[in-house]
Amino acid sequence: MAVLRIGDFDILPGTDQKIDLPVAKLYTDSNVSLPVHIIRAKKTGPTIFISAAVHGDELNGIEIIRRLLKLKSFKLTHGTLIAVPMVNVYGVVNLSRYMPDRRDLNRSFPGSAKGSLAGRVAYIFLNQIVKHCDYGIDLHTGAIHRSNLPQIRADLSDPETKELALIFNAPVVLNSNLVDGSLREAAVENNTKVLLYEAGEALRFDEFSIRLGINGILNVLAHLNMVKKQLSKRKKIDPFIANSSSWLRANASGIVNHERHLGDQVKKGDLLAEIGSPYGEIINVVTAARAGIIIGKQNIPLVQEGEAMYHIAYFTEDDALIAGQIENVQGQVESDG
């Protein structure tokens, strides 16, 4: 294995090293750095990055990486793991989704060495981290006041990416096209296969999502022969593939009484929520436009007309079977402790 050079640092095979990758200076003339943890096995193998907090208020991924690296049983046998728990350090410090220049870092790739602050961070992350990697797992959550059912989003038209998405073993795999300016788009152009893990809510830890995320990463690493495969007596639960999804929006403004929740199966015409006035009258109701599974949901009990309320994934399989599988996954993760 060759020496891996990131910034001004040389990382040798068989070493475990934490580095601070300089990003930019603040008004106070103090430096802000990207924390990077590199683990290299002595034996040759793939290189994979695991990133979190591209959106600074999405904290679940930070905890997933932290717990993964603390596992006593975790040992890399082949290849290289590059863990970046806080890509948007500025956003984490300020509990903000965005960069200080109000740009979305996940719409700023491939970035520029002399561009905006978001563009510079994107450029550094792409060129110093992603370009070394064969694979990547980018950890996200829902936005503020919105929760996501654990799910993998990936370009399923690529056979290897699809295989990895299923190996991760989240309850749902959503076929997702590449978005202009996203980390995933820039990585794919670099021939890096990337999975995007969406689970939980911004500014919150969700224990189920964290545990499932750790298990999913270990599944992928084992499949790539980077860690030893864990023997399990549990029956593997195959994820379901959703080829499309859409948000249902509020048809009135008011106070929300939710009737359905994350992971629920819905049929066309099912009542999802009532929207009422402060005086108790029901102004309108929100119903399912077609059968599917709720994979995203607004949590705040107030809504404005036109606001997104329920993210529903649509399947070709039996929706009732899917709902049962989701419950089985939740039971397994909870019992694993």
# chains A, B, ... in the order shown; residues from 1 in each chain; ligands from 1
>>> residues_around(residues="Leu262 (chain A)", least_positions_apart="5", cutoff="12 Å", atoms="only C-alpha atoms", output="list of chain:residue names")
A:Arg146, A:Ser147, A:Asn148, A:Leu149, A:Pro150, A:Gln151, A:Pro171, A:Val172, A:Ala199, A:Gly200, A:Glu201, A:Leu272, A:Gly292, A:Ile293, A:Ile294, A:Ile295, A:Gly296, A:Lys297, A:Gln298, A:Asn299, A:Met309, A:Tyr310, A:His311, A:Ile312, A:Ala313, A:Ala323, A:Ile326, A:Glu327, A:Gln330
>>> select_by_dssp(residues="region 134-304 of chain A", states="strand (DSSP E or B)", output="PyMOL selection string")
chain A and resi 135-140+146-154+172-175+193-201+240-242+244-249+254-258+265-266+271-276+282-287+292-298+302-303
>>> select_by_dssp(residues="region 135-308 of chain A", states="helix (DSSP H, G or I)", output="ChimeraX atom specification")
/A:159-168,183-189,207-223
>>> write_last_selection(atoms="C-alpha atoms", output="tab-separated table (two decimals), in the first residue's frame")
chain	number	residue	atom	x	y	z
A	159	PRO	CA	-25.35	-2.25	-10.15
A	160	GLU	CA	-22.59	-2.00	-7.53
A	161	THR	CA	-24.17	1.00	-5.83
A	162	LYS	CA	-27.47	-0.88	-5.71
A	163	GLU	CA	-25.77	-3.92	-4.21
A	164	LEU	CA	-24.17	-1.81	-1.46
A	165	ALA	CA	-27.48	-0.03	-0.80
A	166	LEU	CA	-29.17	-3.37	-0.15
A	167	ILE	CA	-26.22	-4.65	1.92
A	168	PHE	CA	-26.53	-1.64	4.27
A	183	LEU	CA	-21.52	15.84	-2.71
A	184	ARG	CA	-22.95	12.66	-4.21
A	185	GLU	CA	-22.90	14.10	-7.74
A	186	ALA	CA	-19.30	15.29	-7.38
A	187	ALA	CA	-18.25	11.95	-5.92
A	188	VAL	CA	-19.85	9.95	-8.73
A	189	GLU	CA	-18.04	12.11	-11.29
A	207	GLU	CA	-31.26	6.00	19.07
A	208	PHE	CA	-32.88	3.65	16.55
A	209	SER	CA	-31.39	5.58	13.62
A	210	ILE	CA	-27.95	5.68	15.24
A	211	ARG	CA	-27.83	1.94	15.94
A	212	LEU	CA	-29.11	1.06	12.49
A	213	GLY	CA	-26.55	3.41	10.94
A	214	ILE	CA	-23.65	1.75	12.76
A	215	ASN	CA	-24.89	-1.71	11.77
A	216	GLY	CA	-25.30	-0.56	8.17
A	217	ILE	CA	-21.77	0.78	7.93
A	218	LEU	CA	-20.37	-2.44	9.38
A	219	ASN	CA	-22.43	-4.42	6.86
A	220	VAL	CA	-20.89	-2.45	3.98
A	221	LEU	CA	-17.34	-2.71	5.38
A	222	ALA	CA	-17.74	-6.46	5.85
A	223	HIS	CA	-19.07	-6.84	2.30
>>> closest_residue(among="A:Lys193, A:Arg97, A:Lys70, A:Arg107", to="Ile137 (chain A)", atoms="only C-alpha atoms")
A:Lys193
>>> atom_distance(atom1="CA of Val89 (chain A)", atom2="CA of Asp57 (chain A)")
10.0 Å
>>> closest_residue(among="A:Leu156, A:Leu68, A:Ala252, A:Leu126", to="Asn190 (chain A)", atoms="only C-alpha atoms")
A:Leu126
>>> closest_residue(among="A:Ala83, A:Ile19, A:Leu248, A:Ala288", to="Glu305 (chain A)", atoms="only C-alpha atoms")
A:Leu248
>>> residues_around(residues="Leu117 (chain A)", least_positions_apart="2", cutoff="9 Å", atoms="only C-alpha atoms", output="NGL selection string")
:A and (23-24 or 99-101 or 103 or 114-115 or 119-122)
>>> write_last_selection(atoms="C-alpha atoms", output="PDB file, in the first residue's frame")
ATOM      1  CA  VAL A  23     -10.227  25.198   5.827  1.00  0.00           C
ATOM      2  CA  ALA A  24     -10.252  28.987   6.315  1.00  0.00           C
ATOM      3  CA  MET A  99     -22.528  27.877   6.009  1.00  0.00           C
ATOM      4  CA  PRO A 100     -21.912  31.391   7.380  1.00  0.00           C
ATOM      5  CA  ASP A 101     -22.380  32.754   3.834  1.00  0.00           C
ATOM      6  CA  ARG A 103     -25.069  28.720   1.251  1.00  0.00           C
ATOM      7  CA  LYS A 114     -10.909  30.770  -4.561  1.00  0.00           C
ATOM      8  CA  GLY A 115     -14.696  30.785  -4.317  1.00  0.00           C
ATOM      9  CA  GLY A 119     -17.233  26.604  -2.273  1.00  0.00           C
ATOM     10  CA  ARG A 120     -13.841  26.412  -0.580  1.00  0.00           C
ATOM     11  CA  VAL A 121     -14.966  23.841   1.978  1.00  0.00           C
ATOM     12  CA  ALA A 122     -16.543  21.767  -0.810  1.00  0.00           C
TER      13      ALA A 122
END
>>> closest_residue(among="A:Gly61, A:Gly91, A:Pro110, A:Pro301", to="Asp138 (chain A)", atoms="only C-alpha atoms")
A:Gly61
>>> closest_residue(among="A:Asp158, A:Pro46, A:Ala52, A:Gln17", to="Asp134 (chain A)", atoms="only C-alpha atoms")
A:Pro46
>>> closest_residue(among="A:Ile48, A:Leu195, A:Ile129, A:Leu59", to="Arg5 (chain A)", atoms="only C-alpha atoms")
A:Ile129
>>> residues_around(residues="region 34-45 of chain A", least_positions_apart="4", cutoff="8 Å", atoms="only C-alpha atoms", output="JSON, numbers by chain")
{"A": [1, 11, 12, 13, 14, 15, 16, 17, 18, 19, 20, 21, 22, 23, 76, 77, 78, 79, 80, 81, 82, 83, 84, 85, 86, 87, 89, 225, 226]}
